[in-house]
Amino acid sequence: MESFSQRTKEELIRRIPDKKCCVKAELSAIIHSIGSIYLSGNTMSLLVTGESASLIKKTLMLLKTTYEVSPRIIAEETERLGHRRRYNLQLFGAELVKKILRELAVMEWGYGLQGGIDSGLVQFECCRRAFLRGAFISRGSITDPLKSDYHLEIVTENEEYAQGLVYLMNLCGFKAGLHKRRDYFIYLKDIDVIGRFLTFIGAHTAFLQLEEVRVVKGMRANVNRLVNCETANLEKTVRAALEQVEIISELEHRMGLDFLPDNLKEIAWLRLENPEASLRELGELTQRKLSKSAINYRMRKLLKLAKTSLGKQEKPSVR
């Protein structure tokens, strides 16, 4: 079963740039991320390697769209990969490879891959969009929003390329962070920023799914807060009622309730007969249908008088 991250990348892989400049930008990002150069004598070849067949097929199509080339794709399965299949796109011919890589601003004046991102390749917003899409589908991932916190990242081994990605993402309005462990991790954690990034690079379905999860999580959080609040209020009400019953019961056992004024006597008997009732419910049981505030006032007056009569507090001045 595909993960949320895989579905997001497959959606982006199906999105084909409609401008030649954007094709070059996306190709450049893919080769920066998963490309390598092989030299053997006077021959040179370009190798693009990945575990996604659809990504390698897209790379092949983008190359054929822009250049007259005939790369070959080889699939391999090894024990080192845990019997997972890996796909290799191979392009031979020193002059052709050098021409393509220099046009894509991937090759330096030697035979190595350039680490930085050429500003001329991403001078337009559409090209920046394509470049970031290529970087994400090659070495990016996003956590399943249903299972964990929100987190999107792109990985690279090259520090210069990592710094370039951070700069490019910030230039596009995304506050990207950079963390180094064994490799360099460019990441986004804020849900709003991740959502805008997905929309920017063309993952509209993934963005809608992310928003759906956020709405559901928000509703659950609100329900939990309401339930917790109601539970806390209920516990507070129950504790107060138990304390009232305890004091009134002791008063009734030791002194009786007949000496109480009629208004307080009514409240005392109602509480003993309805220990689980709230103050509002007690008010509904009185002859005059008293309000909650009126019941609360009489209950406090009753408890104060009861505690004084039982010797539990100093006797107040009585008028």
# chains A, B, ... in the order shown; residues from 1 in each chain; ligands from 1
call {"tool": "residues_around", "arguments": {"residues": "stretch 250-255 of chain A", "least_positions_apart": "4", "cutoff": "7 Å", "atoms": "only C-alpha atoms", "output": "NGL selection string"}}
result
:A and (246 or 306 or 310)
call {"tool": "residues_around", "arguments": {"residues": "A:Arg280", "least_positions_apart": "2", "cutoff": "7 Å", "atoms": "only C-alpha atoms", "output": "ChimeraX atom specification"}}
result
/A:278,282-284,291-292
call {"tool": "write_last_selection", "arguments": {"atoms": "N, CA, C and O atoms", "output": "PDB file, in the first residue's frame"}}
result
ATOM      1  N   SER A 278     -27.474  19.030  40.185  1.00  0.00           N
ATOM      2  CA  SER A 278     -26.723  20.284  40.110  1.00  0.00           C
ATOM      3  C   SER A 278     -27.525  21.378  40.792  1.00  0.00           C
ATOM      4  O   SER A 278     -28.708  21.205  41.124  1.00  0.00           O
ATOM      5  N   LEU A 282     -31.516  21.656  41.380  1.00  0.00           N
ATOM      6  CA  LEU A 282     -32.130  21.883  42.688  1.00  0.00           C
ATOM      7  C   LEU A 282     -33.110  23.045  42.633  1.00  0.00           C
ATOM      8  O   LEU A 282     -34.180  23.016  43.262  1.00  0.00           O
ATOM      9  N   GLY A 283     -32.723  24.079  41.870  1.00  0.00           N
ATOM     10  CA  GLY A 283     -33.612  25.235  41.738  1.00  0.00           C
ATOM     11  C   GLY A 283     -34.943  24.873  41.119  1.00  0.00           C
ATOM     12  O   GLY A 283     -35.993  25.433  41.494  1.00  0.00           O
ATOM     13  N   GLU A 284     -34.930  23.914  40.174  1.00  0.00           N
ATOM     14  CA  GLU A 284     -36.167  23.477  39.531  1.00  0.00           C
ATOM     15  C   GLU A 284     -37.068  22.705  40.500  1.00  0.00           C
ATOM     16  O   GLU A 284     -38.285  22.598  40.280  1.00  0.00           O
ATOM     17  N   SER A 291     -33.562  30.385  40.697  1.00  0.00           N
ATOM     18  CA  SER A 291     -32.465  30.351  39.728  1.00  0.00           C
ATOM     19  C   SER A 291     -31.235  29.697  40.343  1.00  0.00           C
ATOM     20  O   SER A 291     -31.141  29.526  41.566  1.00  0.00           O
ATOM     21  N   LYS A 292     -30.266  29.398  39.499  1.00  0.00           N
ATOM     22  CA  LYS A 292     -29.023  28.800  39.962  1.00  0.00           C
ATOM     23  C   LYS A 292     -28.299  29.721  40.936  1.00  0.00           C
ATOM     24  O   LYS A 292     -27.776  29.268  41.969  1.00  0.00           O
TER      25      LYS A 292
END
call {"tool": "residues_around", "arguments": {"residues": "A:Met299", "least_positions_apart": "5", "cutoff": "10 Å", "atoms": "only C-alpha atoms", "output": "list in words"}}
result
Gln244, Leu264, Ile267, Ala268, Arg271, Leu279, Ser293, Ala294, Lys304 and Leu305 of chain A
call {"tool": "atom_distance", "arguments": {"atom1": "atom CA of A:Ile137", "atom2": "atom CA of A:Leu27"}}
result
11.2 Å
call {"tool": "residues_around", "arguments": {"residues": "A:Asp144", "least_positions_apart": "4", "cutoff": "9 Å", "atoms": "only C-alpha atoms", "output": "PDB file with all heavy atoms, in the first residue's frame"}}
result
ATOM      1  N   SER A   3       2.329   4.904   0.592  1.00  0.00           N
ATOM      2  CA  SER A   3       2.279   5.870   1.682  1.00  0.00           C
ATOM      3  C   SER A   3       1.804   7.216   1.148  1.00  0.00           C
ATOM      4  O   SER A   3       1.746   7.444  -0.065  1.00  0.00           O
ATOM      5  CB  SER A   3       3.663   6.016   2.314  1.00  0.00           C
ATOM      6  OG  SER A   3       4.569   6.596   1.377  1.00  0.00           O
ATOM      7  N   PHE A   4       1.491   8.118   2.061  1.00  0.00           N
ATOM      8  CA  PHE A   4       1.099   9.477   1.671  1.00  0.00           C
ATOM      9  C   PHE A   4       2.226  10.150   0.896  1.00  0.00           C
ATOM     10  O   PHE A   4       1.993  10.849  -0.094  1.00  0.00           O
ATOM     11  CB  PHE A   4       0.745  10.288   2.918  1.00  0.00           C
ATOM     12  CG  PHE A   4       0.339  11.700   2.628  1.00  0.00           C
ATOM     13  CD1 PHE A   4      -0.905  11.987   2.094  1.00  0.00           C
ATOM     14  CD2 PHE A   4       1.206  12.752   2.888  1.00  0.00           C
ATOM     15  CE1 PHE A   4      -1.277  13.298   1.814  1.00  0.00           C
ATOM     16  CE2 PHE A   4       0.855  14.054   2.619  1.00  0.00           C
ATOM     17  CZ  PHE A   4      -0.403  14.332   2.087  1.00  0.00           C
ATOM     18  N   SER A   5       3.450   9.923   1.328  1.00  0.00           N
ATOM     19  CA  SER A   5       4.608  10.499   0.657  1.00  0.00           C
ATOM     20  C   SER A   5       4.731   9.974  -0.777  1.00  0.00           C
ATOM     21  O   SER A   5       4.966  10.747  -1.719  1.00  0.00           O
ATOM     22  CB  SER A   5       5.890  10.184   1.434  1.00  0.00           C
ATOM     23  OG  SER A   5       7.013  10.819   0.855  1.00  0.00           O
ATOM     24  N   SER A 148       1.523  11.184  12.371  1.00  0.00           N
ATOM     25  CA  SER A 148       2.552  11.890  13.120  1.00  0.00           C
ATOM     26  C   SER A 148       2.440  13.386  12.890  1.00  0.00           C
ATOM     27  O   SER A 148       1.492  13.870  12.264  1.00  0.00           O
ATOM     28  CB  SER A 148       3.939  11.395  12.691  1.00  0.00           C
ATOM     29  OG  SER A 148       4.121  11.614  11.301  1.00  0.00           O
ATOM     30  N   ASP A 149       3.429  14.115  13.390  1.00  0.00           N
ATOM     31  CA  ASP A 149       3.456  15.554  13.197  1.00  0.00           C
ATOM     32  C   ASP A 149       3.741  15.877  11.732  1.00  0.00           C
ATOM     33  O   ASP A 149       4.231  15.044  10.976  1.00  0.00           O
ATOM     34  CB  ASP A 149       4.528  16.188  14.094  1.00  0.00           C
ATOM     35  CG  ASP A 149       4.209  16.019  15.569  1.00  0.00           C
ATOM     36  OD1 ASP A 149       3.018  15.916  15.887  1.00  0.00           O
ATOM     37  OD2 ASP A 149       5.152  15.972  16.377  1.00  0.00           O
ATOM     38  N   TYR A 150       3.453  17.113  11.377  1.00  0.00           N
ATOM     39  CA  TYR A 150       3.670  17.539  10.001  1.00  0.00           C
ATOM     40  C   TYR A 150       5.164  17.779   9.762  1.00  0.00           C
ATOM     41  O   TYR A 150       5.813  18.515  10.497  1.00  0.00           O
ATOM     42  CB  TYR A 150       2.880  18.822   9.727  1.00  0.00           C
ATOM     43  CG  TYR A 150       1.407  18.691  10.034  1.00  0.00           C
ATOM     44  CD1 TYR A 150       0.839  19.333  11.133  1.00  0.00           C
ATOM     45  CD2 TYR A 150       0.578  17.913   9.230  1.00  0.00           C
ATOM     46  CE1 TYR A 150      -0.511  19.206  11.416  1.00  0.00           C
ATOM     47  CE2 TYR A 150      -0.771  17.777   9.511  1.00  0.00           C
ATOM     48  CZ  TYR A 150      -1.309  18.426  10.601  1.00  0.00           C
ATOM     49  OH  TYR A 150      -2.644  18.303  10.884  1.00  0.00           O
ATOM     50  N   HIS A 151       5.687  17.164   8.692  1.00  0.00           N
ATOM     51  CA  HIS A 151       7.123  17.304   8.403  1.00  0.00           C
ATOM     52  C   HIS A 151       7.373  16.963   6.941  1.00  0.00           C
ATOM     53  O   HIS A 151       6.964  15.905   6.457  1.00  0.00           O
ATOM     54  CB  HIS A 151       7.941  16.376   9.299  1.00  0.00           C
ATOM     55  CG  HIS A 151       9.416  16.484   9.105  1.00  0.00           C
ATOM     56  ND1 HIS A 151      10.183  17.448   9.741  1.00  0.00           N
ATOM     57  CD2 HIS A 151      10.277  15.765   8.339  1.00  0.00           C
ATOM     58  CE1 HIS A 151      11.446  17.308   9.382  1.00  0.00           C
ATOM     59  NE2 HIS A 151      11.531  16.293   8.523  1.00  0.00           N
ATOM     60  N   LEU A 210      -4.193  16.824   2.849  1.00  0.00           N
ATOM     61  CA  LEU A 210      -3.563  17.384   4.050  1.00  0.00           C
ATOM     62  C   LEU A 210      -4.542  18.290   4.791  1.00  0.00           C
ATOM     63  O   LEU A 210      -4.657  18.228   6.030  1.00  0.00           O
ATOM     64  CB  LEU A 210      -2.314  18.164   3.651  1.00  0.00           C
ATOM     65  CG  LEU A 210      -1.357  18.591   4.771  1.00  0.00           C
ATOM     66  CD1 LEU A 210      -0.663  17.376   5.356  1.00  0.00           C
ATOM     67  CD2 LEU A 210      -0.318  19.565   4.231  1.00  0.00           C
TER      68      LEU A 210
END
call {"tool": "atom_distance", "arguments": {"atom1": "atom CA of A:Lys57", "atom2": "atom CA of A:Lys9"}}
result
13.7 Å
call {"tool": "select_by_dssp", "arguments": {"residues": "stretch 106-298 of chain A", "states": "strand (DSSP E)", "output": "ChimeraX atom specification"}}
result
/A:140-142,152-156,177-180,184-188
call {"tool": "write_last_selection", "arguments": {"atoms": "N, CA and C atoms", "output": "mmCIF file, in the first residue's frame"}}
result
data_model
loop_
_atom_site.group_PDB
_atom_site.id
_atom_site.type_symbol
_atom_site.label_atom_id
_atom_site.label_comp_id
_atom_site.auth_asym_id
_atom_site.auth_seq_id
_atom_site.Cartn_x
_atom_site.Cartn_y
_atom_site.Cartn_z
ATOM 1 N N GLY A 140 12.864 13.773 -1.836
ATOM 2 C CA GLY A 140 11.998 14.353 -0.815
ATOM 3 C C GLY A 140 11.071 13.334 -0.172
ATOM 4 N N SER A 141 10.464 13.732 0.927
ATOM 5 C CA SER A 141 9.463 12.901 1.600
ATOM 6 C C SER A 141 8.597 13.788 2.478
ATOM 7 N N ILE A 142 7.410 13.281 2.793
ATOM 8 C CA ILE A 142 6.506 13.992 3.700
ATOM 9 C C ILE A 142 5.845 12.959 4.599
ATOM 10 N N LEU A 152 8.036 17.878 6.236
ATOM 11 C CA LEU A 152 8.440 17.659 4.843
ATOM 12 C C LEU A 152 9.933 17.911 4.760
ATOM 13 N N GLU A 153 10.650 17.053 4.023
ATOM 14 C CA GLU A 153 12.092 17.240 3.928
ATOM 15 C C GLU A 153 12.623 16.797 2.573
ATOM 16 N N ILE A 154 13.779 17.350 2.221
ATOM 17 C CA ILE A 154 14.541 16.948 1.033
ATOM 18 C C ILE A 154 15.964 16.670 1.504
ATOM 19 N N VAL A 155 16.522 15.553 1.051
ATOM 20 C CA VAL A 155 17.834 15.116 1.530
ATOM 21 C C VAL A 155 18.869 15.248 0.415
ATOM 22 N N THR A 156 20.073 15.615 0.795
ATOM 23 C CA THR A 156 21.194 15.641 -0.149
ATOM 24 C C THR A 156 22.497 15.437 0.608
ATOM 25 N N GLY A 177 14.275 25.075 6.924
ATOM 26 C CA GLY A 177 15.357 24.859 7.873
ATOM 27 C C GLY A 177 16.369 23.888 7.284
ATOM 28 N N LEU A 178 17.572 23.876 7.837
ATOM 29 C CA LEU A 178 18.622 22.981 7.368
ATOM 30 C C LEU A 178 19.252 22.293 8.570
ATOM 31 N N HIS A 179 19.318 20.976 8.491
ATOM 32 C CA HIS A 179 19.900 20.195 9.584
ATOM 33 C C HIS A 179 20.875 19.179 9.006
ATOM 34 N N LYS A 180 22.017 19.022 9.638
ATOM 35 C CA LYS A 180 23.013 18.062 9.169
ATOM 36 C C LYS A 180 23.154 16.919 10.161
ATOM 37 N N TYR A 184 22.529 16.139 4.569
ATOM 38 C CA TYR A 184 21.905 17.441 4.819
ATOM 39 C C TYR A 184 20.401 17.321 4.592
ATOM 40 N N PHE A 185 19.628 17.822 5.545
ATOM 41 C CA PHE A 185 18.178 17.732 5.485
ATOM 42 C C PHE A 185 17.590 19.143 5.417
ATOM 43 N N ILE A 186 16.917 19.440 4.315
ATOM 44 C CA ILE A 186 16.199 20.708 4.180
ATOM 45 C C ILE A 186 14.751 20.398 4.543
ATOM 46 N N TYR A 187 14.183 21.119 5.490
ATOM 47 C CA TYR A 187 12.882 20.699 6.004
ATOM 48 C C TYR A 187 11.912 21.865 6.222
ATOM 49 N N LEU A 188 10.624 21.505 6.211
ATOM 50 C CA LEU A 188 9.530 22.399 6.573
ATOM 51 C C LEU A 188 8.703 21.679 7.631
#
call {"tool": "atom_distance", "arguments": {"atom1": "atom CA of A:Lys189", "atom2": "atom CA of A:Pro145"}}
result
11.4 Å
call {"tool": "residues_around", "arguments": {"residues": "stretch 119-136 of chain A", "least_positions_apart": "2", "cutoff": "7 Å", "atoms": "only C-alpha atoms", "output": "list of chain:residue names"}}
result
A:Cys21, A:Cys22, A:Ala25, A:Glu26, A:Leu27, A:Ala29, A:Ile30, A:Ser33, A:Ile117, A:Ser138, A:Arg139, A:Gly140, A:Ile154, A:Phe200, A:Ile201
